[in-house]
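Working notes for the structure below.
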Amino acid sequence: STHTKTVPTPRATSTSQHINMALAITTHALIAPQRNFRQRQPKNFTGFSVRVVRGGSSQAFLAKPRVLRARTVRVHAEAKEVVSAEEIQGTATTVPTWNADKDLGAIVADQEKALSKVSFGTIGLTVGLSLLTYGFGAFFQFLPLGSLSSLMLIYGFPISLIGAALQYAKLDPVPCLSYSKAVALRDEQATSIQLQVRSDVTRYRYGDEQHLDEALKRIFRIGQAGGISRKFTPKLTGIQEITVDGKYALVLEFDNTCDFEEFVSRQMKIEAFFGPGVSAPVRQVDRGVEVALISSGNNLAADDDDVWEILPPLQPGLPARRVRKGSV
């Protein structure tokens, strides 16, 4: 059955306005509470029939109600095991650490004389500006040797530019704190890589952003997937030569730019990069992180690259072979 309801409407100018009025009345009737609506509707209810009367003519519209159906939402609860803080600490990975020997001896000044420890930028600026100053003074006859003023100006200007460029690109060496007992063991126990690291970071460098730049890129994968951002790159602030359990150790001091957990997760990679013949435990201090490159105590020749050579593995998956040069 169909319920018919005649609705008188005010005067309209077009048939579309009559249709809009009819739909508005139908919508108002359908938004009643669903519970009361279902109680009032008959069993064979099919919809509302709305008749719009205008003058002597009429037009009927059938509006079917929208049946709302309830949806059952099932929530699956997953039980998760709660792990206490004591259990987490008990299963945490042990981080290798180190402690320097109590008796390290006296602090020894660096007696090494090398041209790489001289700043070429400072020398270039000093010589170039001196030639320019004296050349201008001699040219205007304020100083003697006026006949050489043009020569001084010609050479003074490019020398000053080169010195300024070197001074801009200069990377100062980091401070090195050496103790007498470690210095005595350096020639006997230090590996070639330890000596190379000490030599590189204690001299002036040009064009590098920081010391050990290439090593840090490989270890921390700076700017790559699984690595760290460049703004969190650790910066080397100093080195120390000490002894740990009677063995020579070169300590690399980094600032606190990078989290200590990054060093811990890459401890084995650091040891492999600066090896062989060294262990690389890390520890956190107030000023940052310290990485100790502790020698195994063998002779320098035992780990020297001039004595040993690296051969490819016998088959994929095996480590590279390390043999004495001339034996194969």
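As shown in the structure tokens, the chain order sets the letters A, B, ...; within each chain, residues go from 1, and ligands are also counted from 1 in the order they appear.
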task: For region 260-265 of chain A, list every protein, DNA or RNA residue within 10 Å, evaluated using only C-alpha atoms, and leave out those in the same chain fewer than 4 positions away; present the list as a VMD selection string.
output: chain A and resid 93 to 96 219 to 220 227 to 228 234 256 269 to 270 281 to 285 288 to 291
Extract, using only C-alpha atoms, all DNA, RNA and protein residues at most 9 Å from Ala190 (chain A), discarding same-chain residues fewer than 5 positions from it, and format them as a short mmCIF file (atom, residue, chain, number, x, y, z; two decimals) with N, CA, C and O atoms, in the first residue's frame.
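selection-v1.cif written:
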data_model
loop_
_atom_site.label_atom_id
_atom_site.label_comp_id
_atom_site.auth_asym_id
_atom_site.auth_seq_id
_atom_site.Cartn_x
_atom_site.Cartn_y
_atom_site.Cartn_z
N LEU A 185 106.16 3.07 23.75
CA LEU A 185 105.62 1.87 23.10
C LEU A 185 105.18 2.12 21.66
O LEU A 185 104.78 1.18 20.98
N LEU A 195 99.59 5.01 13.19
CA LEU A 195 100.57 6.05 12.88
C LEU A 195 100.05 6.99 11.80
O LEU A 195 100.28 8.21 11.85
N TYR A 248 99.79 0.00 23.74
CA TYR A 248 99.66 1.33 23.14
C TYR A 248 98.24 1.54 22.63
O TYR A 248 97.64 0.65 22.01
N ALA A 249 97.70 2.73 22.88
CA ALA A 249 96.33 3.06 22.45
C ALA A 249 96.29 4.50 21.97
O ALA A 249 96.89 5.40 22.58
N LEU A 250 95.61 4.70 20.88
CA LEU A 250 95.36 6.04 20.33
C LEU A 250 93.88 6.35 20.52
O LEU A 250 93.02 5.69 19.94
N ILE A 294 93.11 0.42 20.42
CA ILE A 294 94.09 -0.26 21.28
C ILE A 294 94.83 -1.29 20.45
O ILE A 294 94.22 -2.16 19.81
N SER A 295 96.13 -1.20 20.44
CA SER A 295 96.95 -2.14 19.69
C SER A 295 96.91 -3.52 20.35
O SER A 295 96.75 -3.65 21.57
N SER A 296 97.08 -4.54 19.52
CA SER A 296 97.10 -5.91 20.05
C SER A 296 98.40 -6.25 20.75
O SER A 296 98.51 -7.30 21.38
N GLY A 297 99.39 -5.37 20.65
CA GLY A 297 100.67 -5.59 21.31
C GLY A 297 101.70 -6.24 20.44
O GLY A 297 102.82 -6.48 20.89
N ASN A 298 101.37 -6.54 19.18
CA ASN A 298 102.34 -7.15 18.27
C ASN A 298 103.29 -6.10 17.72
O ASN A 298 103.08 -4.90 17.86
N ASN A 299 104.31 -6.59 17.09
CA ASN A 299 105.28 -5.69 16.47
C ASN A 299 104.62 -4.96 15.31
O ASN A 299 103.69 -5.47 14.68
N LEU A 300 105.13 -3.77 14.97
CA LEU A 300 104.58 -2.99 13.88
C LEU A 300 104.61 -3.75 12.57
O LEU A 300 103.68 -3.69 11.77
#
message: Run DSSP on the backbone and tell me which residues of region 138-318 of chain A come out as alpha helix (DSSP H); list them as a PyMOL selection string.
response: chain A and resi 138-139+149-168+180-189+192-201+213-220+260-265+267-274
message: Run DSSP on the backbone and tell me which residues of region 119-278 of chain A come out as strand (DSSP E); list them as a list in words.
response: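 Here is the list: Lys170, Leu171, Cys176, Leu177, Ser178, Tyr179, Arg205, Tyr206, Leu236, Thr237, Gly238, Ile239, Gln240, Glu241, Ile242, Thr243, Val244, Lys247, Tyr248, Ala249, Leu250, Val251, Leu252, Glu253, Phe254 and Val278 of chain A.
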field: Option closest in space to Ser116 (chain A), from A:Ser178, A:Thr191, A:Thr202, A:Ser147 [counting only C-alpha atoms]
entry: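 Going through A:Ser178, A:Thr191, A:Thr202, A:Ser147 one by one, the smallest distance to Ser116 (chain A) is for A:Thr202.
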query: What is the distance, in Å and to one decimal place, between CA of His211 (chain A) and CA of Phe274 (chain A)?
result: 14.7 Å
- request: Could you check which of A:Thr133, A:Gln111, A:Ala169, A:Ala106 is closest to Phe157 (chain A), using only C-alpha atoms?
  value: A:Thr133
task: Measuring atom to atom with only C-alpha atoms, identify which of A:Gln240, A:Gln210, A:Gln141, A:Ser160 is nearest to Asp110 (chain A).
output: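 Ranked by minimum distance to Asp110 (chain A), first place goes to A:Gln240.
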- prompt: With only C-alpha atoms as the atoms that count, which of A:Gln189, A:Gln196, A:Gln267, A:Gln167 lies nearest to Ser119 (chain A)?
  reply: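 Of A:Gln189, A:Gln196, A:Gln267, A:Gln167, the one nearest Ser119 (chain A), counting only C-alpha atoms, is A:Gln167.
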